[in-house]
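Remarks on the structure that follows.
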There are 2 protein chains.
Amino acid sequence: MTNMPTINVTNQVKQVVVEDRFWKKYKMIVATKVIPYQWKALNNELPDTEPSNAIENFRIAANESSGKYYGTVFQDSDVAKWLETVAYSLRDFPNSNLEEKADEVIALLGRAQAEDGYLNTYYLLKEPNNRWTNLRDNHELYCAGHFIEAAVAYFETTGKSEFLNIVEKYVDLIDSVFGTEEGKINGYPGHEEIELALVKLYDVTANQKYLRLAQFFIEQRGQLPNYFTKEAEKRASIDTAPTWNDEENVNFGLGHEYQQAHLPVRQQKEAVGHAVRAMYLYVAMADIAAKSGDMSLKETCEFLWDDVINSKMYITAGIGSSVNGEAFTSKYDLPNDSMYCETCASVGLAFWANRMLRLDPNRKYADVLERAIYNGILSGMDLDGNRFFYVNPLEVNSFQKSRKDQEHVKTERQKWFFCACCPPNLSRMIASVEDNVYTQTDDTLFTHLYIAGKVNTVLSGQQVELIQSHNFPWEGDINVTVNVEGPVQFKLALRIPGWCHNVSAKVNGDTVSVEDLEKGYLVLDRVWNTGDTATLELDMPIMRVRSNPLVSMNQGQVALQRGPIVYCVEEVDNGMNLAAIRLPKESKIISRFEPDLLNGVVTLTAEGYQMESVDWLYCTEHTKLTPHNIKAIPYYAWCNREKGEMRVWIYEM
Amino acid sequence: MTNMPTINVTNQVKQVVVEDRFWKKYKMIVATKVIPYQWKALNNELPDTEPSNAIENFRIAANESSGKYYGTVFQDSDVAKWLETVAYSLRDFPNSNLEEKADEVIALLGRAQAEDGYLNTYYLLKEPNNRWTNLRDNHELYCAGHFIEAAVAYFETTGKSEFLNIVEKYVDLIDSVFGTEEGKINGYPGHEEIELALVKLYDVTANQKYLRLAQFFIEQRGQLPNYFTKEAEKRASIDTAPTWNDEENVNFGLGHEYQQAHLPVRQQKEAVGHAVRAMYLYVAMADIAAKSGDMSLKETCEFLWDDVINSKMYITAGIGSSVNGEAFTSKYDLPNDSMYCETCASVGLAFWANRMLRLDPNRKYADVLERAIYNGILSGMDLDGNRFFYVNPLEVNSFQKSRKDQEHVKTERQKWFFCACCPPNLSRMIASVEDNVYTQTDDTLFTHLYIAGKVNTVLSGQQVELIQSHNFPWEGDINVTVNVEGPVQFKLALRIPGWCHNVSAKVNGDTVSVEDLEKGYLVLDRVWNTGDTATLELDMPIMRVRSNPLVSMNQGQVALQRGPIVYCVEEVDNGMNLAAIRLPKESKIISRFEPDLLNGVVTLTAEGYQMESVDWLYCTEHTKLTPHNIKAIPYYAWCNREKGEMRVWIYEM
């Protein structure tokens, strides 16, 4: 780290307890349903699903079971993500049985770990002599990254260091193998992940070596001659197992762009390739920028952010327009029925927004973070935590079943996946959602999200407790109470969301001006006494959102949004053929909280029309319109009743 | 043929000479450009294109050259279609050099033909012992069908019987091999074609055997146990070369529906599978219905017709919504950017319409025939006859280049194709377009298309000449003059096109009523004297055509049509981002003939708007509109100037 930091970094705030009705319910589902469900999955105990074998692979590696490796090449990461979810969940719901089970898994990992620290069951069991020979395809460093993230989380929650010791031993090995020095491998992962994990490891250990290793991976990426090209040439002379990467159509025809390895990272000005890979890379780039103060890396992140957010993101915060490579395509190419919008990619986008907020507390990042968690991420799971989407369509129609190019689009959530990356990614996100609420400097607390609960932190040298209470995301009245030992001067920076164009604010009942926001934050700089309150009344009008004219598939249509919640219409409420619904421009849309629907949601209704069915295919006549009550529900809650059509974009008239 | 005919069949009228400005030009291009161009292709003389080798394959089979078979398994059919085109073209443009060349090719076919009559260079050269072992994939009977069609055409034009002798010898062999009798193969072609060809052969030879063989193929189709299943099982025990059909995903996952072999033909009520295959089957079914008077077969054709025309046909008369299997998908699934719309499929649709008109002179068939020839077929070739489309998109946008699921969509016409079925299919259609103009009974002449020129036929036992003169498709004033030796009573049935809602008619200057049309035809039943004229003034308003509300992708949009011509907007006239164009509902659209544009076309212009470019992706504000002069050109003529965006469906406001 040679540069002097020139970036005013804000830090993550960790002591956050969620008391939010909306999120507490999801966290409870993760704790009571998803964690046990995924545990069964990892142990091949789910009926009628693809077996995972992930735990068994470790037993075999530890010589405690016989049998063969089974699963994807990154199967280990499912165990890691489960452990990481458990670690976060234990913060909310201490559970000695669960912790014991996690300890046992960690001990198993320790026994499976090779003498020299290596820990990857695919290679240990299937290709013991081929370690590090296919970074492009085989996810070794990716799995290592997930172990690191899990170990850090587990250490932070429990204070136990066994898992951390395991991963530090593994990272020491990796550090001895990778580098620019003679004899070392100057490669980097085909699927980014370890970079961001190493920064987390550095955060808990303060060991500069980990940060340097992360920086090495980032800096090597995309340098010429391209590592993956050299590696593939080298691999030709050794005996390796075939991978998922089709040699006839390497990287799905996307070239090195698939892995964001087409250019050195600072030269990358457009988001390309596999969307999840891209997100994890950008997270790490933002992390490294924050740690090193490297302005050029920060600026690259900002460039890439603008590209994604202003031309490649669905309104649900879904990203990845194409199944081919699960990848980004051209700017403004946002098909609603054939897209990918992997749950993991929206999780990655939320991570990235979180990191950008640390680099720069700007509302634009928090707006996307909020959009992701309330829409494209949550849609990945049903309300009971039993079924999951990998791909999150914005339109389900009657055609999909006959379209080969849309066979990746499942029109209802699935029990599990052979490639089961999404469910545990979603659950670790929910279990740690509070880590996204605040960042701080010495004297400023930035409130990025409105999630009710309390936070304890040190501001201006004093212990400060802040309590958020409200009924977000359904209501916009936000109440923040400060508890301090004695008077403390600090800045409370409250985000005024981008969707809110009318806000009033009070401190202890006295109106304060909201004229001068700092990058979208209302900064209340004062001496706070215990019991002081700040309140916001965030207007939550129902918005008709329109797309850029370049998004050809959304023209003439609007999406409905209220607060951070994006809405959709479903067949169960609106009948078949949702494309025949017409929402008049002048129709008043009414919002109503329905406590018994979908765990309690605000629904939207409007008087509109449906085009009558006709027996012709083409005609110069206008189709007759029948009055039709349009009812929209939050997108995240779709497909929790009857299976059927669904549509986010509604034709306006 | 056991049933007594109960269908009042109308017959094809053959002595038609085209003097039409529009079509004569295309016919001239086929004669002077396409035929020589395709001859070069067949002889591997086109630079920078896939070699065809089609002629060389015959030389090798005739032991007049060495080397190996090269090309698709149906490469022979390209030679057949070239000969068929030549046969038709010689009617308009006698050319002794060309005829000599054709005679030489025919002689070569004769020398390549096996002793027993077999004639298929793929099997003769590559798998001599495996004849008839893979009807599902290997197009033997399909190629035979194209030979038969060519031989019939060549005989009809030139009176020479050598080619006919060759194919009759081959058909005799086929007839000895196929049938329900013990020891014969009770199979049928994987790609239909021979069935309709055998009916043509029957028409010129009156040999019932050929009709029976066609009927056998039709009747066997889809019977249980499924022939292709049995054949595949049988093939497992013999040594055969791999085919294009992927054993992991047989028939593109479409099952026997791919070849319309999922059900006996009379039980087929929905058009499924490969669109060209389907068309050729339906043509033959209509033919057999006409010959046999089989009402159930006729009704099946009518059912299938309604399915295709009212739910699966693009406004351009393109069919086949999906690249997967080049196939039909669900009803109303008509994506404009990822469709297939193979040129051959629209040619097949025109053939089918032609046959349905013989079964039942109903305007609804002629409307589709006209839609096909002026739009989806003609779009397959550029104005110079040098470049061709295989896939005919209705929308070209800036996204296609980055979408793997649309890589089959070429955004400009190509020089040639490895699978070169479309260019010769298009050219034989143009060269014989006059065969679609009329059908007749003993005393009635049905005029289905308005193509200027003359016809000579016998009506009520007298020789009658009819001359059409007009400037169709640009103008709707149709003039028909009758020339007869003496007074003849016959019915002249003039089609009032479905797109024409305002027509006036006169005979010898006296207005006649157009109130009572017979299935869309104005029937003028009178004693005709030489020089009598019938005139129609067909109103040609510019129509804004709308789609059925179930066609979700076309909602809020209109296509422009004038007469039979469907229009599109192109980037060269309208700038980039055609989806941002808005055509106000009240805008007057003006038509103008531009003699120097695109060989002379009527263009449409209207005052409209274009949405201004903005820097956001989603917004609640309306985008500003800039006045924009919209200019539309005939769809068939798109991509004859600069490469760029194109769009048939335009957003209305």
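Please note that chains go A, B, ... in the order of the structure tokens, that every chain numbers its residues from 1, and that ligands are numbered from 1 in the order shown.
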Review point. Got a sec to pull out which chain A residues are within 7 Å of chain B, counting only C-alpha atoms, and send them as JSON, numbers by chain?
Key: {"A": [310, 311, 324, 329, 330, 333, 399, 402, 403, 404, 405, 543, 544, 545, 546, 547, 548, 549, 550, 552, 556, 577, 579, 580, 611, 613, 614, 616, 617, 618, 619, 620]}
Save out the residues we just selected, N, CA and C atoms, as a CSV table (one decimal), in the first residue's frame.
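Okay, again_19.csv is ready:
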```csv
chain,number,residue,atom,x,y,z
A,310,ASN,N,-27.0,2.6,-14.9
A,310,ASN,CA,-27.7,3.5,-15.9
A,310,ASN,C,-28.0,2.8,-17.2
A,311,SER,N,-27.5,1.6,-17.4
A,311,SER,CA,-27.8,0.9,-18.7
A,311,SER,C,-28.0,-0.6,-18.6
A,324,ASN,N,-26.7,-16.9,-21.7
A,324,ASN,CA,-25.4,-17.3,-22.3
A,324,ASN,C,-24.3,-16.7,-21.5
A,329,THR,N,-25.1,-8.1,-21.4
A,329,THR,CA,-25.0,-7.9,-22.8
A,329,THR,C,-24.9,-6.4,-23.1
A,330,SER,N,-25.4,-6.0,-24.2
A,330,SER,CA,-25.3,-4.5,-24.6
A,330,SER,C,-26.0,-3.6,-23.6
A,333,ASP,N,-30.1,-3.5,-23.2
A,333,ASP,CA,-30.7,-4.8,-23.6
A,333,ASP,C,-31.3,-5.4,-22.3
A,399,PHE,N,-46.0,-18.3,-23.3
A,399,PHE,CA,-45.1,-18.8,-24.3
A,399,PHE,C,-43.9,-19.5,-23.8
A,402,SER,N,-42.8,-23.1,-24.5
A,402,SER,CA,-42.5,-23.6,-25.8
A,402,SER,C,-41.2,-23.0,-26.4
A,403,ARG,N,-40.5,-22.2,-25.6
A,403,ARG,CA,-39.4,-21.5,-26.1
A,403,ARG,C,-38.1,-22.1,-25.5
A,404,LYS,N,-37.3,-22.7,-26.4
A,404,LYS,CA,-36.1,-23.3,-25.9
A,404,LYS,C,-35.1,-22.2,-25.4
A,405,ASP,N,-35.2,-21.0,-26.0
A,405,ASP,CA,-34.3,-20.0,-25.5
A,405,ASP,C,-34.7,-19.4,-24.2
A,543,MET,N,-45.5,5.4,-7.7
A,543,MET,CA,-44.8,6.0,-8.9
A,543,MET,C,-45.1,5.1,-10.1
A,544,ARG,N,-45.2,5.8,-11.3
A,544,ARG,CA,-45.3,5.1,-12.6
A,544,ARG,C,-43.9,5.3,-13.1
A,545,VAL,N,-43.1,4.2,-13.2
A,545,VAL,CA,-41.7,4.4,-13.6
A,545,VAL,C,-41.6,4.0,-15.1
A,546,ARG,N,-40.9,4.8,-15.8
A,546,ARG,CA,-40.7,4.6,-17.3
A,546,ARG,C,-39.3,4.3,-17.5
A,547,SER,N,-39.0,3.6,-18.7
A,547,SER,CA,-37.7,3.3,-19.0
A,547,SER,C,-37.1,4.2,-20.0
A,548,ASN,N,-35.8,4.3,-20.0
A,548,ASN,CA,-35.1,5.0,-21.1
A,548,ASN,C,-35.6,4.6,-22.5
A,549,PRO,N,-35.7,5.5,-23.4
A,549,PRO,CA,-36.3,5.2,-24.7
A,549,PRO,C,-35.4,4.1,-25.4
A,550,LEU,N,-34.2,3.9,-25.0
A,550,LEU,CA,-33.4,2.9,-25.6
A,550,LEU,C,-33.7,1.5,-25.2
A,552,SER,N,-36.0,-0.9,-25.6
A,552,SER,CA,-37.1,-1.0,-26.6
A,552,SER,C,-38.2,-1.9,-26.1
A,556,GLY,N,-43.9,2.2,-23.9
A,556,GLY,CA,-45.3,2.2,-23.8
A,556,GLY,C,-45.8,1.6,-22.5
A,577,ASN,N,-53.4,-13.5,-19.5
A,577,ASN,CA,-53.0,-12.5,-20.6
A,577,ASN,C,-52.8,-11.1,-20.0
A,579,ALA,N,-50.5,-9.0,-20.7
A,579,ALA,CA,-50.1,-8.0,-21.7
A,579,ALA,C,-51.4,-7.3,-22.2
A,580,ALA,N,-52.5,-7.8,-22.0
A,580,ALA,CA,-53.8,-7.2,-22.5
A,580,ALA,C,-54.3,-6.2,-21.5
A,611,MET,N,-58.1,-5.7,-22.7
A,611,MET,CA,-58.5,-5.8,-24.1
A,611,MET,C,-59.3,-7.1,-24.2
A,613,SER,N,-60.9,-10.5,-25.8
A,613,SER,CA,-60.3,-11.5,-26.6
A,613,SER,C,-61.0,-11.4,-28.0
A,614,VAL,N,-60.3,-11.6,-29.0
A,614,VAL,CA,-60.7,-11.5,-30.4
A,614,VAL,C,-60.3,-12.8,-31.2
A,616,TRP,N,-59.2,-12.7,-34.3
A,616,TRP,CA,-58.3,-12.4,-35.4
A,616,TRP,C,-56.9,-12.2,-34.9
A,617,LEU,N,-55.9,-12.3,-35.7
A,617,LEU,CA,-54.5,-12.1,-35.3
A,617,LEU,C,-54.1,-10.7,-35.6
A,618,TYR,N,-54.5,-10.1,-36.8
A,618,TYR,CA,-54.2,-8.8,-37.1
A,618,TYR,C,-55.4,-8.1,-37.6
A,619,CYS,N,-55.6,-6.8,-37.3
A,619,CYS,CA,-56.8,-6.1,-37.6
A,619,CYS,C,-56.5,-4.6,-37.5
A,620,THR,N,-57.3,-3.9,-38.3
A,620,THR,CA,-57.1,-2.4,-38.3
A,620,THR,C,-58.0,-1.8,-37.2
```
**Study point:** For segment 119-126 of chain B: contacts at 8 Å, only C-alpha atoms, fewer than 6 positions along chain excluded, given as a PyMOL selection string
**Key:** chain B and resi 57-58+60-61+68-69+73-76+109+112-113+140+143-144+170
Okay, now the selection with N, CA, C and O atoms, as an mmCIF file, in the first residue's frame?
```cif
data_model
loop_
_atom_site.group_PDB
_atom_site.id
_atom_site.type_symbol
_atom_site.label_atom_id
_atom_site.label_comp_id
_atom_site.auth_asym_id
_atom_site.auth_seq_id
_atom_site.Cartn_x
_atom_site.Cartn_y
_atom_site.Cartn_z
ATOM 1 N N ASN B 57 -20.541 -33.394 -56.742
ATOM 2 C CA ASN B 57 -21.025 -34.651 -56.142
ATOM 3 C C ASN B 57 -21.611 -35.579 -57.210
ATOM 4 O O ASN B 57 -21.399 -36.792 -57.180
ATOM 5 N N PHE B 58 -22.360 -34.998 -58.157
ATOM 6 C CA PHE B 58 -22.930 -35.828 -59.230
ATOM 7 C C PHE B 58 -21.837 -36.362 -60.153
ATOM 8 O O PHE B 58 -21.909 -37.499 -60.613
ATOM 9 N N ILE B 60 -18.824 -37.055 -59.315
ATOM 10 C CA ILE B 60 -18.160 -38.166 -58.617
ATOM 11 C C ILE B 60 -19.040 -39.414 -58.695
ATOM 12 O O ILE B 60 -18.561 -40.510 -58.981
ATOM 13 N N ALA B 61 -20.338 -39.216 -58.461
ATOM 14 C CA ALA B 61 -21.253 -40.370 -58.499
ATOM 15 C C ALA B 61 -21.287 -41.002 -59.895
ATOM 16 O O ALA B 61 -21.489 -42.213 -60.040
ATOM 17 N N LYS B 68 -14.391 -36.532 -52.761
ATOM 18 C CA LYS B 68 -15.364 -36.999 -51.768
ATOM 19 C C LYS B 68 -16.632 -36.167 -51.798
ATOM 20 O O LYS B 68 -16.606 -34.991 -52.141
ATOM 21 N N TYR B 69 -17.706 -36.804 -51.388
ATOM 22 C CA TYR B 69 -18.959 -36.077 -51.212
ATOM 23 C C TYR B 69 -18.726 -34.919 -50.255
ATOM 24 O O TYR B 69 -18.059 -35.047 -49.255
ATOM 25 N N VAL B 73 -26.642 -33.168 -46.276
ATOM 26 C CA VAL B 73 -27.174 -34.439 -46.746
ATOM 27 C C VAL B 73 -28.218 -34.208 -47.863
ATOM 28 O O VAL B 73 -28.553 -35.127 -48.610
ATOM 29 N N PHE B 74 -28.686 -32.987 -47.975
ATOM 30 C CA PHE B 74 -29.693 -32.677 -49.005
ATOM 31 C C PHE B 74 -29.120 -31.759 -50.085
ATOM 32 O O PHE B 74 -29.845 -31.008 -50.722
ATOM 33 N N GLN B 75 -27.815 -31.880 -50.299
ATOM 34 C CA GLN B 75 -27.156 -31.000 -51.260
ATOM 35 C C GLN B 75 -27.741 -31.181 -52.672
ATOM 36 O O GLN B 75 -27.872 -30.210 -53.417
ATOM 37 N N ASP B 76 -28.124 -32.405 -53.014
ATOM 38 C CA ASP B 76 -28.703 -32.665 -54.345
ATOM 39 C C ASP B 76 -29.882 -31.743 -54.651
ATOM 40 O O ASP B 76 -30.109 -31.359 -55.807
ATOM 41 N N LEU B 109 -27.148 -36.166 -64.288
ATOM 42 C CA LEU B 109 -27.963 -36.884 -63.304
ATOM 43 C C LEU B 109 -28.225 -38.309 -63.795
ATOM 44 O O LEU B 109 -28.163 -39.273 -63.033
ATOM 45 N N ALA B 112 -25.276 -40.346 -63.269
ATOM 46 C CA ALA B 112 -25.019 -40.609 -61.852
ATOM 47 C C ALA B 112 -26.021 -41.604 -61.269
ATOM 48 O O ALA B 112 -25.775 -42.232 -60.246
ATOM 49 N N GLN B 113 -27.145 -41.717 -61.929
ATOM 50 C CA GLN B 113 -28.207 -42.600 -61.413
ATOM 51 C C GLN B 113 -27.740 -44.054 -61.409
ATOM 52 O O GLN B 113 -27.108 -44.520 -62.367
ATOM 53 N N GLU B 140 -33.450 -38.374 -48.081
ATOM 54 C CA GLU B 140 -33.428 -39.073 -49.377
ATOM 55 C C GLU B 140 -34.706 -38.804 -50.170
ATOM 56 O O GLU B 140 -34.675 -38.449 -51.346
ATOM 57 N N CYS B 143 -35.035 -35.161 -51.294
ATOM 58 C CA CYS B 143 -34.276 -34.858 -52.519
ATOM 59 C C CYS B 143 -34.978 -35.456 -53.739
ATOM 60 O O CYS B 143 -35.057 -34.812 -54.798
ATOM 61 N N ALA B 144 -35.485 -36.668 -53.572
ATOM 62 C CA ALA B 144 -36.218 -37.284 -54.682
ATOM 63 C C ALA B 144 -37.383 -36.388 -55.082
ATOM 64 O O ALA B 144 -37.660 -36.170 -56.269
ATOM 65 N N TYR B 170 -36.581 -43.622 -60.908
ATOM 66 C CA TYR B 170 -36.284 -43.540 -59.478
ATOM 67 C C TYR B 170 -37.550 -43.794 -58.659
ATOM 68 O O TYR B 170 -37.535 -44.554 -57.682
#
```
Check your understanding: Which residues, written as a PyMOL selection string, have at least one atom at most 12 Å from Lys160 of chain B, with only C-alpha atoms counted and residues fewer than 2 positions away on the same chain left out?
Key -> chain B and resi 87+99-100+102-103+106-107+151-158+162-166
**Study point:** Residues flagged helix (DSSP H, G or I) by DSSP in segment 419-554 of chain B, as a VMD selection string
**Key:** chain B and resid 422 to 431 433 to 436 552 to 554
File dump, residues just selected, C-alpha atoms, as a short mmCIF file (atom, residue, chain, number, x, y, z; two decimals), in the first residue's frame:
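result-v5.cif, written as the output of this step:
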```
data_model
loop_
_atom_site.label_atom_id
_atom_site.label_comp_id
_atom_site.auth_asym_id
_atom_site.auth_seq_id
_atom_site.Cartn_x
_atom_site.Cartn_y
_atom_site.Cartn_z
CA CYS B 422 -33.70 -20.61 -49.27
CA PRO B 423 -32.20 -18.80 -52.28
CA PRO B 424 -33.28 -21.42 -54.86
CA ASN B 425 -36.67 -21.82 -53.21
CA LEU B 426 -37.24 -18.10 -53.49
CA SER B 427 -36.07 -18.01 -57.09
CA ARG B 428 -38.30 -20.90 -58.20
CA MET B 429 -41.19 -19.10 -56.52
CA ILE B 430 -40.52 -15.84 -58.35
CA ALA B 431 -39.91 -17.62 -61.64
CA VAL B 433 -45.28 -16.64 -59.57
CA GLU B 434 -47.81 -16.57 -62.43
CA ASP B 435 -48.91 -20.11 -61.54
CA ASN B 436 -50.62 -18.56 -58.53
CA SER B 552 -47.77 -9.51 -25.97
CA MET B 553 -44.75 -8.24 -27.89
CA ASN B 554 -46.76 -6.10 -30.29
#
```
Review point. Atom CA of Asp539 of chain B to atom CA of Asp477 of chain B: how many Å, to one decimal?
Key: 8.3 Å
Point to revise | Nearest to Tyr635 of chain A, chosen from A:Thr511, A:Gln414, A:Thr316, A:Ser432, with only C-alpha atoms counted in the distances | key: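 Comparing A:Thr511, A:Gln414, A:Thr316, A:Ser432 against Tyr635 of chain A, the winner is A:Thr316.
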Review point. Using only C-alpha atoms, which of the listed residues (B:Gly110, B:Gly145, B:Gly273, B:Pro393) sits closest to Pro189 of chain B?
Key: B:Gly145
Review point. What's the 10 Å shell around Tyr142 of chain B, counting only C-alpha atoms, without same-chain residues fewer than 3 positions away, as a PyMOL selection string?
Key: chain B and resi 74+76-77+135+138-139+145-148+188-195+197+277
Practice item. Find the residues around Ile633 of chain A up to 10 Å (only C-alpha atoms counted), leave out those fewer than 3 positions away in its own chain, and share them as a PyMOL selection string. Key: chain A and resi 560+565-570+573+597-598+601-605+636-638+648
Point to revise | Long-range neighbours of Arg387 of chain B as a PyMOL selection string, 9 Å cut-off, only C-alpha atoms, 3 positions minimum in chain | key: chain B and resi 380-384+412-416+423
Produce a file of the selected residues containing all heavy atoms, as a short mmCIF file (atom, residue, chain, number, x, y, z; two decimals), in the first residue's frame.
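Here's the written file again-v5.cif:
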```cif
data_model
loop_
_atom_site.label_atom_id
_atom_site.label_comp_id
_atom_site.auth_asym_id
_atom_site.auth_seq_id
_atom_site.Cartn_x
_atom_site.Cartn_y
_atom_site.Cartn_z
N GLY B 380 -36.51 -12.10 -48.69
CA GLY B 380 -35.39 -13.04 -48.68
C GLY B 380 -34.29 -12.72 -49.67
O GLY B 380 -33.24 -13.37 -49.67
N MET B 381 -34.51 -11.76 -50.55
CA MET B 381 -33.50 -11.45 -51.57
C MET B 381 -33.34 -9.94 -51.68
O MET B 381 -34.29 -9.20 -51.49
CB MET B 381 -33.96 -12.02 -52.91
CG MET B 381 -32.95 -11.93 -54.04
SD MET B 381 -33.51 -12.87 -55.49
CE MET B 381 -34.52 -11.65 -56.32
N ASP B 382 -32.13 -9.49 -51.99
CA ASP B 382 -31.97 -8.06 -52.20
C ASP B 382 -32.48 -7.68 -53.59
O ASP B 382 -32.86 -8.54 -54.40
CB ASP B 382 -30.52 -7.61 -51.97
CG ASP B 382 -29.57 -8.13 -53.02
OD1 ASP B 382 -30.01 -8.84 -53.95
OD2 ASP B 382 -28.36 -7.85 -52.91
N LEU B 383 -32.49 -6.41 -53.88
CA LEU B 383 -33.08 -5.94 -55.14
C LEU B 383 -32.25 -6.34 -56.35
O LEU B 383 -32.74 -6.28 -57.48
CB LEU B 383 -33.27 -4.42 -55.10
CG LEU B 383 -34.24 -3.91 -54.02
CD1 LEU B 383 -34.26 -2.39 -54.02
CD2 LEU B 383 -35.64 -4.46 -54.22
N ASP B 384 -31.00 -6.72 -56.11
CA ASP B 384 -30.14 -7.11 -57.22
C ASP B 384 -30.00 -8.61 -57.40
O ASP B 384 -29.33 -9.06 -58.32
CB ASP B 384 -28.73 -6.53 -57.00
CG ASP B 384 -28.75 -5.03 -56.91
OD1 ASP B 384 -29.58 -4.41 -57.61
OD2 ASP B 384 -27.94 -4.48 -56.14
N GLU B 412 -27.88 -8.44 -42.08
CA GLU B 412 -27.84 -8.08 -43.50
C GLU B 412 -27.83 -9.37 -44.32
O GLU B 412 -27.44 -10.43 -43.83
CB GLU B 412 -26.65 -7.18 -43.83
CG GLU B 412 -25.30 -7.74 -43.48
CD GLU B 412 -24.18 -6.73 -43.74
OE1 GLU B 412 -24.36 -5.83 -44.58
OE2 GLU B 412 -23.14 -6.85 -43.10
N ARG B 413 -28.27 -9.26 -45.55
CA ARG B 413 -28.36 -10.45 -46.39
C ARG B 413 -26.96 -11.02 -46.66
O ARG B 413 -25.98 -10.29 -46.69
CB ARG B 413 -29.09 -10.14 -47.71
CG ARG B 413 -30.56 -9.82 -47.50
CD ARG B 413 -31.30 -9.56 -48.81
NE ARG B 413 -32.68 -9.15 -48.57
CZ ARG B 413 -33.05 -7.90 -48.28
NH1 ARG B 413 -32.14 -6.93 -48.23
NH2 ARG B 413 -34.31 -7.62 -48.05
N GLN B 414 -26.92 -12.34 -46.86
CA GLN B 414 -25.67 -13.06 -47.01
C GLN B 414 -25.47 -13.48 -48.47
O GLN B 414 -26.43 -13.61 -49.22
CB GLN B 414 -25.69 -14.30 -46.11
CG GLN B 414 -26.08 -14.03 -44.67
CD GLN B 414 -24.99 -13.32 -43.90
OE1 GLN B 414 -23.87 -13.81 -43.81
NE2 GLN B 414 -25.29 -12.13 -43.39
N LYS B 415 -24.21 -13.74 -48.78
CA LYS B 415 -23.90 -14.16 -50.16
C LYS B 415 -24.44 -15.54 -50.48
O LYS B 415 -24.88 -15.82 -51.59
CB LYS B 415 -22.38 -14.19 -50.36
CG LYS B 415 -21.75 -12.84 -50.39
CD LYS B 415 -20.27 -13.02 -50.67
CE LYS B 415 -19.50 -11.73 -50.47
NZ LYS B 415 -18.05 -11.98 -50.52
N TRP B 416 -24.33 -16.43 -49.53
CA TRP B 416 -24.75 -17.81 -49.74
C TRP B 416 -24.80 -18.48 -48.39
O TRP B 416 -24.39 -17.90 -47.39
CB TRP B 416 -23.79 -18.54 -50.69
CG TRP B 416 -24.40 -19.76 -51.34
CD1 TRP B 416 -24.05 -21.06 -51.15
CD2 TRP B 416 -25.48 -19.77 -52.28
NE1 TRP B 416 -24.84 -21.88 -51.90
CE2 TRP B 416 -25.73 -21.12 -52.60
CE3 TRP B 416 -26.27 -18.79 -52.87
CZ2 TRP B 416 -26.73 -21.52 -53.49
CZ3 TRP B 416 -27.27 -19.16 -53.76
CH2 TRP B 416 -27.48 -20.51 -54.06
N PRO B 423 -32.30 -19.56 -51.02
CA PRO B 423 -32.20 -18.80 -52.28
C PRO B 423 -32.86 -19.50 -53.47
O PRO B 423 -33.64 -18.86 -54.20
CB PRO B 423 -30.70 -18.61 -52.46
CG PRO B 423 -30.14 -18.68 -51.07
CD PRO B 423 -31.00 -19.68 -50.36
#
```
Contacts of segment 255-352 of chain A with segment 3-24 of chain A up to 7 Å, shortest pair per row, only C-alpha atoms, as a Markdown table:
```
| residue | atom | partner | partner_atom | distance |
| --- | --- | --- | --- | --- |
| A:Ala290 | CA | A:Val9 | CA | 6.2 |
| A:Ser292 | CA | A:Pro5 | CA | 6.0 |
| A:Gly293 | CA | A:Pro5 | CA | 3.8 |
| A:Asp294 | CA | A:Asn3 | CA | 6.5 |
```
If you keep C-alpha atoms, can you produce a file of those selected residues as an mmCIF file, in the first residue's frame?
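Final file, again.cif:
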```cif
data_model
loop_
_atom_site.group_PDB
_atom_site.id
_atom_site.type_symbol
_atom_site.label_atom_id
_atom_site.label_comp_id
_atom_site.auth_asym_id
_atom_site.auth_seq_id
_atom_site.Cartn_x
_atom_site.Cartn_y
_atom_site.Cartn_z
ATOM 1 C CA ALA A 290 -10.785 2.007 0.321
ATOM 2 C CA SER A 292 -5.168 1.777 -0.387
ATOM 3 C CA GLY A 293 -6.721 5.133 -1.174
ATOM 4 C CA ASP A 294 -6.156 4.362 -4.843
#
```
